[in-house]
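*Asks:* This structure is in structure tokens; I'll ask about it shortly.
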Amino acid sequence: MIAQDENPIGFLPPLPLMLGVAGGAAVSIALVWLVSEQTTVALAYGGTLVVVLLMLLLAARLKTEPAEAQAYQADWSLTSAAMENRGRAVAIIDRANRMVCANSTYEQWFEGDAAPYELPFEPASLEAVNAAARSAWRDGAARIDDLRLTGSETRYRLEIDRSGRGEAYLLWRFAQVREESSYDALSKQLGGVFGDILSRAGIEFALVAPQGIVLTTTPGLAERATGNRENSLAGHEFVQLLRSDDRDRIFFAREGQQGSPQTLVHIPLDAPSSNRVSDADQAPSLMLLVDSSVGIGGGWEGSGKAAIPQLEALLSALPLGLALTDRDGRFLFANKAFLRAVERVDRGLPQFPSDLVVREDKAAMADTVRRFAKGATASGDMAVRLANDKEEPVSIGLAGVRGLGDAAVLLSISDSSEEKRLRRQVAQATKMQAVGQLAGGVAHDFNNVLTAIIGYCDLMLLRHTPGDSDYDDIQQIKANSNRAASLTRQLLAFSRQQTLRPVVLQLPDVVSEVSQLLKRLMGEKIEFSVRHDRELGPVRADPQQLEQVIINLAVNARDAMQAHATKRGKQDWKGRLTLATRRVSARDVRKMGIDIMPADDYTVLIVQDTGGGIPEEHLNKIFEPFFTTKEQGKGTGLGLSTVYGIVKQSNGFIFADNVQGPDGAPIGARFTMYLPVNKGVLPANMRTEEVEETKATEWSAGGTLLLVEDEDMVRAVAERALVRAGYTVTTAADGEEGLAAIANGDTEFDLIVSDVVMPTMDGPAMARAIRKVKPDIPILFMSGYAEEQLRNDIDIEDMHFIPKPFSVQQINAKVSEVLGLRRS
């Protein structure tokens with residue numbers, strides 16, 4: 001019911017009030033006339049009174065209009081909020097064709113707030129819109145079922161209604177037209193509550209396009225195919241979700257034969273007819289999968305016996321690796337522990353157990369399984385070697401079973417993968433330690449030979465000048481000797497017997513020092529990036545050796561990426577090398593479960609490339625000396641062994657593994673170096689950069705030296721070099737002879753130059769005995785072993801060191817330095 005307006009004029013007061021005011025005015029005018037007895041005065045008074053009343057009415061009207069306008073604006077904001085609808089675009093225009101308001105869906109669909117008739121409709125649609133607007137103003141409503149914007153495939157339906165105060169507005173409502181296929185409702189049902197009910201009953205459905213692509217599935221099918229019922233299988237090939245065995249039983253590919261068999265039924269949604277063959281060819285199909293536990297299909301298809309899904313569920317839950325075979329020796333089922341033990345989680349079971357073992361054990365395995373399958377109930381075990389692990393035999397238990405349908409033999413095997421991993425780690429560490437000791441011994445002996453060769457070359461060069469016929473040959477011999485000396489230094493680095501000068505440093509600073517060099521080494525085809533973690537702990541290491549580690553790893557990565565690109569035949573390849581530092585706490589180390597690495601705080605350097613990864617068979621060998629996968633003449637095999645030695649000598653750890661791609665294939669290699677965070681005070685006997693370096697003065701006053709060396713050729717070349725430098729030299733072939741020269745002789749020696757490792761009495765033992773007689777005499781040790789190791793093992797004051805091999809100039813300079821320090 002519409003209420004009538006009691007005040008049509010809109011600004012006048014109610015009628016009783018007006019009559020009262022008018023009566024009062026008339027009475028007051030009459031009183032004025034009676035008192036004044038003048039008609040002119042009474043009329044003037046009446047006119048003034050009317051003017052005052054009219055002004056009061058006008059002021060009241062001016063006050064009312066702003067309030068009404070404010071209420072009117074508030075009504076539009078309320079209207080705009082009420083129009084919000086995600087499924088429809090709504091707009092209101094007035095009689096002047098001005099946009100009054102629109103909802104957010106309108107602004108989103110039409111990308112702005114333009115009026116409806118200003119939208120870029122196609123010519124035919126625009127004409128229909130204008131006609132509908134005229135019709136709505138005239139008749140009160142209009143409708144258009146098909147509108148299109150220029151350049152858009154979206155179709156719209158429009159409804160226009162005249163409404164508002166005085167019907168002075170048009171309400172425009174747009175809705176998108178969506179064409180639903182005949183099977184859309186079915187698709188919603190399968191993905192909803194109804195599909196969930198079917199899944200719980202062991203029945204799964206999939207709606208599959210004619211090309212074999214999945215459109216939608218029941219939630220249970222997604223869970224069995226991917227492990228997560230929330231995953232969508234839309235876009236997957238339906239046949240890739242299933243697999244069949246040699247007996248044509250169907251299983252989910254993810255579960256393999258350890259899952260329950262499925263019965264597959266193909267249901268065409270539109271049966272073809274004579275006049276709709278083309279339509280039927282485009283219709284999807286409904287694929288029905290019924291689990292064997294439901295009772296349809298008779299368990300193992302074709303077996304004629306009851307299924308045993310309960311037994312399989314029980315075996316799957318056990319940690320012991322268990323598998324079942326039939327009487328012909330074919331696998332029926334294996335739980336996950338069995339697949340892990342035989343390392344076939346990804347590939348699934350073969351047809352027969354004999355396919356798991358090496359060729360030599362195949363016949364024995366097949367005969368044993370058949371004997372247990374057809375003979376009396378019995379059990380036993382046999383030792384075999386698996387095909388994927390030929391080095392270590394494993395024990396497989398066998399037991400004949402009866403009364404379980406096709407199941408005839410139960411096989412058991414312990415999952416010893418973790419034990420194998422630990423054994424490999426220990427064996428690898430032991431092997432690396434043994435190889436390191438061998439490499440260190442070889443390098444030490446080889447250094448003696450190189451010392452003699454380099455020394456004699458220096459002595460010969462003193463008698464030849466550039467231009468002589470033999471000068472260039474001697475220089476070539478010396479150059480090759482120095483190259484051999486660098487190889488021995490790498491061997492010593494691997495065996496952790498080289499000289500290090502550790503300092504406390506921040507790992508990002510070392511990375512920054514070599515970054516510019518690495519960019520040049522990588523070239524234009526390799527993208528080089530560096531990322532640092534925050535709050536990294538300081539480490540204690542030799543910065544020069546750490547730079548060598550980073551350079552070796554980067555160069556190896558570059559070569560791997562180039563080789564990978566060449567192997568794939570790509571000329572325009574691009575690679576990426578990433579250096580990253582990380583902070584790893586002791587808690588993280590415990591979670592990692594690396595038994596050979598103590599639980600401590602570490603600063604980690606990661607070097608990762610895109611070179612295709614390291615073959616699995618090489619992962620345990622890459623740190624061994626002289627092992628290389630490069631072509632002949634393109635690598636010595638000492639780069640990574642040097643890295644290993646430097647890291648281990650710095651009390652760190654280094655590991656290599658492959659980076660897996662989305663498909664599980666390796667896409668690159670990753671080297672991870674762990675260095676312990678430095679938390680203590682530097683030992684006093686370590687030479688660091690913080691220790692003040694005292695420069696030796698130039699010493700040329702000569703001196704008397706005792707040279708103790710068991711190698712004749714080294715002793716001879718050192719003696720000649722020192723004599724030529726102006727020193728008086730007394731030689732001794734071992735420690736006892738050197739001690740006798742000090743204890744029994746009358747010569748006062750200024751310095752003792754001695755080898756470390758000697759027969760009968762070594763250099764440190766001789767030095768301690770000499771110090772009891774001559775406590776102030778300095779000692780210069782010559783050795784191919786590390787100075788750091790020597791200083792840790794020998795606690796002797798005023799001890800100096802020169803590494804082998806050395807040249808004539810180097811030993812003369814070192815002796816001069818030591819004597820200069822003593823006399824200064």
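Chain identifiers are assigned as A, B, and so on, following the order in which chains appear in the structure tokens; residues are numbered from 1 within each chain, and ligands are numbered from 1 in order of appearance.
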Applying 12 Å and only C-alpha atoms, which residues near Ser28 in chain A remain after dropping the ones on its own chain fewer than 5 positions away? List them as a PyMOL selection string.

*Replies:* chain A and resi 21-23+33-35+42-43+45-46+49-50

*Asks:* May I have the selected residues written with C-alpha atoms, as a PDB file, in the first residue's frame?

*Replies:*
```pdb
ATOM      1  CA  VAL A  21      -1.479  31.711  12.882  1.00  0.00           C
ATOM      2  CA  ALA A  22      -3.914  33.425  10.512  1.00  0.00           C
ATOM      3  CA  GLY A  23      -6.502  33.935  13.314  1.00  0.00           C
ATOM      4  CA  TRP A  33      -7.028  49.475  14.467  1.00  0.00           C
ATOM      5  CA  LEU A  34      -9.127  49.865  17.611  1.00  0.00           C
ATOM      6  CA  VAL A  35      -6.276  51.431  19.593  1.00  0.00           C
ATOM      7  CA  ALA A  42      -3.547  48.939  10.853  1.00  0.00           C
ATOM      8  CA  LEU A  43      -2.862  48.040   7.192  1.00  0.00           C
ATOM      9  CA  TYR A  45       1.045  46.621  10.633  1.00  0.00           C
ATOM     10  CA  GLY A  46      -0.749  43.763   8.833  1.00  0.00           C
ATOM     11  CA  LEU A  49       3.303  40.846   9.889  1.00  0.00           C
ATOM     12  CA  VAL A  50       2.694  38.922   6.630  1.00  0.00           C
TER      13      VAL A  50
END
```

*Asks:* Neighbouring residues of range 747-750 of chain A were defined as those with any atom within 10 Å, considering only C-alpha atoms; residues of the same chain fewer than 6 positions away were excluded. Please report them as a compact mmCIF listing (two decimals) with C-alpha atoms, in the first residue's frame.

*Replies:*
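The resulting file, out-v3.txt, is reproduced below:
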```
# COMPACT_ATOMS: atom_id res chain seq x y z
CA GLY A 702 128.54 -15.98 7.01
CA GLY A 703 128.34 -18.55 9.77
CA THR A 704 129.01 -22.14 10.78
CA LEU A 705 126.25 -24.62 10.00
CA LEU A 706 125.56 -28.26 10.85
CA THR A 728 131.04 -23.10 6.70
CA VAL A 729 129.12 -26.38 6.55
CA THR A 730 129.60 -29.62 8.50
CA ALA A 741 129.19 -33.50 16.02
CA LYS A 774 123.39 -26.19 23.55
CA ASP A 776 120.36 -21.50 22.62
CA ILE A 777 121.22 -22.88 19.20
CA PRO A 778 118.45 -22.34 16.58
CA ILE A 779 117.18 -25.25 14.47
CA VAL A 818 117.13 -17.27 10.68
CA LEU A 819 120.65 -16.02 11.35
CA ARG A 822 119.28 -14.33 15.92
```

*Asks:* Quick one: everything within 6 Å of Gly400 in chain A, counting only C-alpha atoms, minus sequence neighbours fewer than 4 positions away in the same chain. Send it as a list of chain:residue names.

*Replies:* A:Phe372, A:Ala373, A:Thr377, A:Ala378, A:Ala408, A:Val409

*Asks:* Could you please take those selected residues and save N, CA and C atoms as a short mmCIF file (atom, residue, chain, number, x, y, z; two decimals), in the first residue's frame?

*Replies:*
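To be explicit, this is the file written out as again11.cif:
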```cif
data_model
loop_
_atom_site.label_atom_id
_atom_site.label_comp_id
_atom_site.auth_asym_id
_atom_site.auth_seq_id
_atom_site.Cartn_x
_atom_site.Cartn_y
_atom_site.Cartn_z
N PHE A 372 59.96 -74.81 -2.58
CA PHE A 372 59.13 -74.42 -1.43
C PHE A 372 57.66 -74.26 -1.83
N ALA A 373 57.40 -73.95 -3.12
CA ALA A 373 56.02 -73.75 -3.57
C ALA A 373 55.28 -75.08 -3.71
N THR A 377 55.24 -78.08 3.59
CA THR A 377 55.42 -76.80 4.29
C THR A 377 56.76 -76.78 5.01
N ALA A 378 57.59 -75.81 4.66
CA ALA A 378 58.93 -75.73 5.23
C ALA A 378 59.40 -74.29 5.15
N ALA A 408 51.85 -69.09 -2.42
CA ALA A 408 52.49 -70.37 -2.12
C ALA A 408 53.79 -70.21 -1.37
N VAL A 409 54.54 -69.13 -1.61
CA VAL A 409 55.84 -68.93 -0.97
C VAL A 409 55.89 -67.52 -0.40
#
```

*Asks:* When you look at range 282-289 of chain A with a cut-off of 6 Å (counting only C-alpha atoms), what residues show up, excluding the ones that are within fewer than 2 positions of it in the same chain? I need them as a PyMOL selection string.

*Replies:* chain A and resi 203-210+262-269+279-280

*Asks:* Would you please give, as a VMD selection string, all residues of range 566-621 of chain A that DSSP assigns to alpha helix (DSSP H) based on the backbone?

*Replies:* chain A and resid 566 to 567 586 to 592

*Asks:* Suppose we keep C-alpha atoms; can you now write the selection as a CSV table (one decimal), in the first residue's frame?

*Replies:*
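The file below, result_30.csv, is the result:
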```csv
chain,number,residue,atom,x,y,z
A,566,THR,CA,78.4,-31.0,-25.8
A,567,LYS,CA,76.9,-34.4,-25.0
A,586,ALA,CA,73.9,-28.5,16.0
A,587,ARG,CA,70.2,-29.3,16.1
A,588,ASP,CA,70.1,-29.3,12.3
A,589,VAL,CA,73.1,-31.6,12.1
A,590,ARG,CA,71.4,-34.1,14.5
A,591,LYS,CA,68.3,-34.0,12.3
A,592,MET,CA,70.4,-34.7,9.2
```

*Asks:* Which residue, A:Glu513, A:Glu527, A:Asp139, A:Asp609, has the smallest gap to Asp559 in chain A when you use only C-alpha atoms?

*Replies:*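 For Asp559 in chain A, the nearest of the candidates is A:Asp609.
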
*Asks:* Measuring atom to atom with only C-alpha atoms, identify which of A:Arg520, A:Arg371, A:Arg173, A:Arg531 is nearest to Pro116 in chain A.

*Replies:*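 Smallest distance to Pro116 in chain A is found for A:Arg173.
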
*Asks:* Skipping near chain neighbours, those fewer than 4 positions away, what residues fall within 8 Å of Asn552 in chain A using only C-alpha atoms, listed as number ranges by chain?

*Replies:* A: 548, 556, 639-640, 643

*Asks:* When you count only C-alpha atoms, which of these residues is closest to Ala716 in chain A: A:Leu126, A:Ile796, A:Ile453, A:Val677?

*Replies:*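 Between A:Leu126, A:Ile796, A:Ile453, A:Val677, the residue approaching Ala716 in chain A most closely is A:Ile453.
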
*Asks:* What's the 6 Å shell around Tyr156 in chain A, counting only C-alpha atoms, without same-chain residues fewer than 5 positions away, as a PyMOL selection string?

*Replies:* chain A and resi 146-147+175-177

*Asks:* Go ahead and write the residues just picked, N, CA and C atoms, as a CSV table (one decimal), in the first residue's frame.

*Replies:*
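Produced file result.csv, reproduced below:
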```
chain,number,residue,atom,x,y,z
A,146,ASP,N,21.3,-11.9,-25.7
A,146,ASP,CA,22.6,-12.1,-26.3
A,146,ASP,C,23.3,-10.8,-26.6
A,147,LEU,N,24.3,-10.4,-25.8
A,147,LEU,CA,25.1,-9.3,-26.1
A,147,LEU,C,26.5,-9.6,-26.2
A,175,ALA,N,24.3,-10.4,-16.9
A,175,ALA,CA,24.8,-11.8,-16.4
A,175,ALA,C,25.5,-12.4,-17.6
A,176,GLN,N,26.6,-13.1,-17.3
A,176,GLN,CA,27.3,-13.8,-18.3
A,176,GLN,C,26.6,-15.1,-18.7
A,177,VAL,N,26.6,-15.4,-20.0
A,177,VAL,CA,25.9,-16.6,-20.5
A,177,VAL,C,27.0,-17.7,-20.6
```

*Asks:* For the strand (DSSP E or B) assignment from backbone DSSP, which residues of range 551-762 of chain A qualify? Please present them as number ranges by chain.

*Replies:* A: 575-584, 602-608, 653-660, 666-677, 703-708, 727-732, 751-755

*Asks:* Restricting the output to N, CA and C atoms, write the selected residues as a compact mmCIF listing (two decimals), in the first residue's frame.

*Replies:*
```txt
# COMPACT_ATOMS: atom_id res chain seq x y z
N GLY A 575 74.36 -22.14 -18.81
CA GLY A 575 74.53 -22.82 -17.53
C GLY A 575 74.40 -21.85 -16.38
N ARG A 576 74.33 -22.39 -15.19
CA ARG A 576 74.20 -21.54 -14.00
C ARG A 576 75.03 -22.14 -12.87
N LEU A 577 75.90 -21.31 -12.29
CA LEU A 577 76.71 -21.69 -11.14
C LEU A 577 76.29 -20.83 -9.95
N THR A 578 75.95 -21.49 -8.85
CA THR A 578 75.47 -20.78 -7.66
C THR A 578 76.37 -21.08 -6.48
N LEU A 579 76.84 -20.03 -5.82
CA LEU A 579 77.57 -20.15 -4.57
C LEU A 579 76.69 -19.59 -3.47
N ALA A 580 76.49 -20.36 -2.42
CA ALA A 580 75.63 -19.93 -1.33
C ALA A 580 76.26 -20.30 0.00
N THR A 581 76.10 -19.44 0.98
CA THR A 581 76.55 -19.74 2.34
C THR A 581 75.32 -19.92 3.23
N ARG A 582 75.43 -20.85 4.16
CA ARG A 582 74.30 -21.16 5.04
C ARG A 582 74.79 -21.29 6.48
N ARG A 583 73.88 -21.08 7.39
CA ARG A 583 74.16 -21.29 8.82
C ARG A 583 73.44 -22.55 9.26
N VAL A 584 74.20 -23.53 9.79
CA VAL A 584 73.64 -24.81 10.22
C VAL A 584 73.95 -24.99 11.69
N TYR A 602 77.92 -25.05 12.29
CA TYR A 602 78.77 -25.00 11.10
C TYR A 602 78.37 -23.81 10.23
N THR A 603 79.36 -23.31 9.52
CA THR A 603 79.12 -22.39 8.41
C THR A 603 79.35 -23.18 7.13
N VAL A 604 78.37 -23.13 6.24
CA VAL A 604 78.33 -24.03 5.09
C VAL A 604 78.50 -23.24 3.80
N LEU A 605 79.30 -23.79 2.89
CA LEU A 605 79.42 -23.25 1.53
C LEU A 605 78.87 -24.28 0.57
N ILE A 606 77.93 -23.85 -0.28
CA ILE A 606 77.30 -24.74 -1.26
C ILE A 606 77.67 -24.25 -2.65
N VAL A 607 78.21 -25.15 -3.47
CA VAL A 607 78.55 -24.86 -4.87
C VAL A 607 77.69 -25.77 -5.73
N GLN A 608 76.78 -25.18 -6.52
CA GLN A 608 75.80 -25.96 -7.28
C GLN A 608 75.83 -25.54 -8.74
N PHE A 653 84.09 -30.80 6.69
CA PHE A 653 83.55 -31.95 5.97
C PHE A 653 83.01 -31.47 4.63
N ILE A 654 83.11 -32.34 3.63
CA ILE A 654 82.58 -31.99 2.32
C ILE A 654 81.85 -33.20 1.75
N PHE A 655 80.69 -32.95 1.15
CA PHE A 655 79.86 -34.00 0.58
C PHE A 655 79.43 -33.58 -0.82
N ALA A 656 79.23 -34.58 -1.67
CA ALA A 656 78.77 -34.35 -3.04
C ALA A 656 77.49 -35.14 -3.25
N ASP A 657 76.52 -34.52 -3.93
CA ASP A 657 75.30 -35.21 -4.30
C ASP A 657 74.74 -34.56 -5.54
N ASN A 658 73.65 -35.12 -6.05
CA ASN A 658 73.01 -34.62 -7.26
C ASN A 658 71.74 -33.88 -6.92
N VAL A 659 71.44 -32.85 -7.70
CA VAL A 659 70.20 -32.10 -7.56
C VAL A 659 69.17 -32.74 -8.48
N GLN A 660 68.03 -33.12 -7.92
CA GLN A 660 67.00 -33.82 -8.68
C GLN A 660 66.06 -32.81 -9.34
N PRO A 666 68.71 -36.38 -12.38
CA PRO A 666 69.65 -35.36 -11.92
C PRO A 666 69.81 -34.25 -12.95
N ILE A 667 69.80 -33.00 -12.47
CA ILE A 667 69.97 -31.85 -13.36
C ILE A 667 71.26 -31.09 -13.06
N GLY A 668 71.96 -31.49 -12.01
CA GLY A 668 73.20 -30.80 -11.67
C GLY A 668 73.83 -31.43 -10.44
N ALA A 669 75.06 -31.00 -10.16
CA ALA A 669 75.80 -31.50 -9.00
C ALA A 669 75.85 -30.43 -7.93
N ARG A 670 75.95 -30.87 -6.68
CA ARG A 670 76.02 -29.94 -5.55
C ARG A 670 77.11 -30.41 -4.58
N PHE A 671 78.05 -29.52 -4.29
CA PHE A 671 79.09 -29.79 -3.29
C PHE A 671 78.79 -28.93 -2.07
N THR A 672 78.74 -29.58 -0.91
CA THR A 672 78.41 -28.90 0.34
C THR A 672 79.58 -29.03 1.30
N MET A 673 80.18 -27.90 1.68
CA MET A 673 81.34 -27.88 2.56
C MET A 673 80.92 -27.32 3.92
N TYR A 674 81.18 -28.10 4.99
CA TYR A 674 80.85 -27.70 6.36
C TYR A 674 82.15 -27.34 7.09
N LEU A 675 82.24 -26.12 7.59
CA LEU A 675 83.37 -25.70 8.41
C LEU A 675 82.85 -25.34 9.79
N PRO A 676 83.46 -25.89 10.86
CA PRO A 676 82.96 -25.61 12.21
C PRO A 676 83.13 -24.15 12.58
N VAL A 677 82.14 -23.63 13.27
CA VAL A 677 82.20 -22.23 13.73
C VAL A 677 83.26 -22.11 14.82
N GLY A 703 128.66 -17.83 8.56
CA GLY A 703 128.34 -18.55 9.77
C GLY A 703 128.72 -20.01 9.64
N THR A 704 128.67 -20.72 10.75
CA THR A 704 129.01 -22.14 10.78
C THR A 704 127.73 -22.94 10.95
N LEU A 705 127.50 -23.88 10.02
CA LEU A 705 126.25 -24.62 10.00
C LEU A 705 126.51 -26.11 10.14
N LEU A 706 125.56 -26.80 10.80
CA LEU A 706 125.56 -28.26 10.85
C LEU A 706 124.38 -28.72 10.00
N LEU A 707 124.66 -29.45 8.90
CA LEU A 707 123.64 -29.94 7.98
C LEU A 707 123.44 -31.44 8.22
N VAL A 708 122.24 -31.83 8.64
CA VAL A 708 121.92 -33.23 8.94
C VAL A 708 120.83 -33.68 7.96
N TYR A 727 128.91 -19.90 3.77
CA TYR A 727 128.81 -20.52 5.07
C TYR A 727 129.80 -21.69 5.18
N THR A 728 130.22 -21.93 6.41
CA THR A 728 131.04 -23.10 6.70
C THR A 728 130.10 -24.22 7.12
N VAL A 729 130.13 -25.34 6.38
CA VAL A 729 129.12 -26.38 6.55
C VAL A 729 129.77 -27.68 6.99
N THR A 730 129.23 -28.27 8.07
CA THR A 730 129.60 -29.62 8.50
C THR A 730 128.39 -30.51 8.28
N THR A 731 128.59 -31.67 7.63
CA THR A 731 127.46 -32.53 7.28
C THR A 731 127.41 -33.76 8.18
N ALA A 732 126.19 -34.29 8.32
CA ALA A 732 125.97 -35.53 9.07
C ALA A 732 124.87 -36.31 8.36
N LEU A 751 123.93 -22.49 13.56
CA LEU A 751 122.60 -22.95 13.16
C LEU A 751 122.68 -24.44 12.80
N ILE A 752 121.62 -25.17 13.12
CA ILE A 752 121.50 -26.57 12.70
C ILE A 752 120.40 -26.66 11.65
N VAL A 753 120.73 -27.19 10.48
CA VAL A 753 119.78 -27.43 9.39
C VAL A 753 119.57 -28.94 9.31
N SER A 754 118.35 -29.41 9.59
CA SER A 754 118.15 -30.85 9.72
C SER A 754 116.87 -31.31 9.04
N ASP A 755 116.93 -32.53 8.50
CA ASP A 755 115.72 -33.20 8.02
C ASP A 755 114.91 -33.66 9.24
```
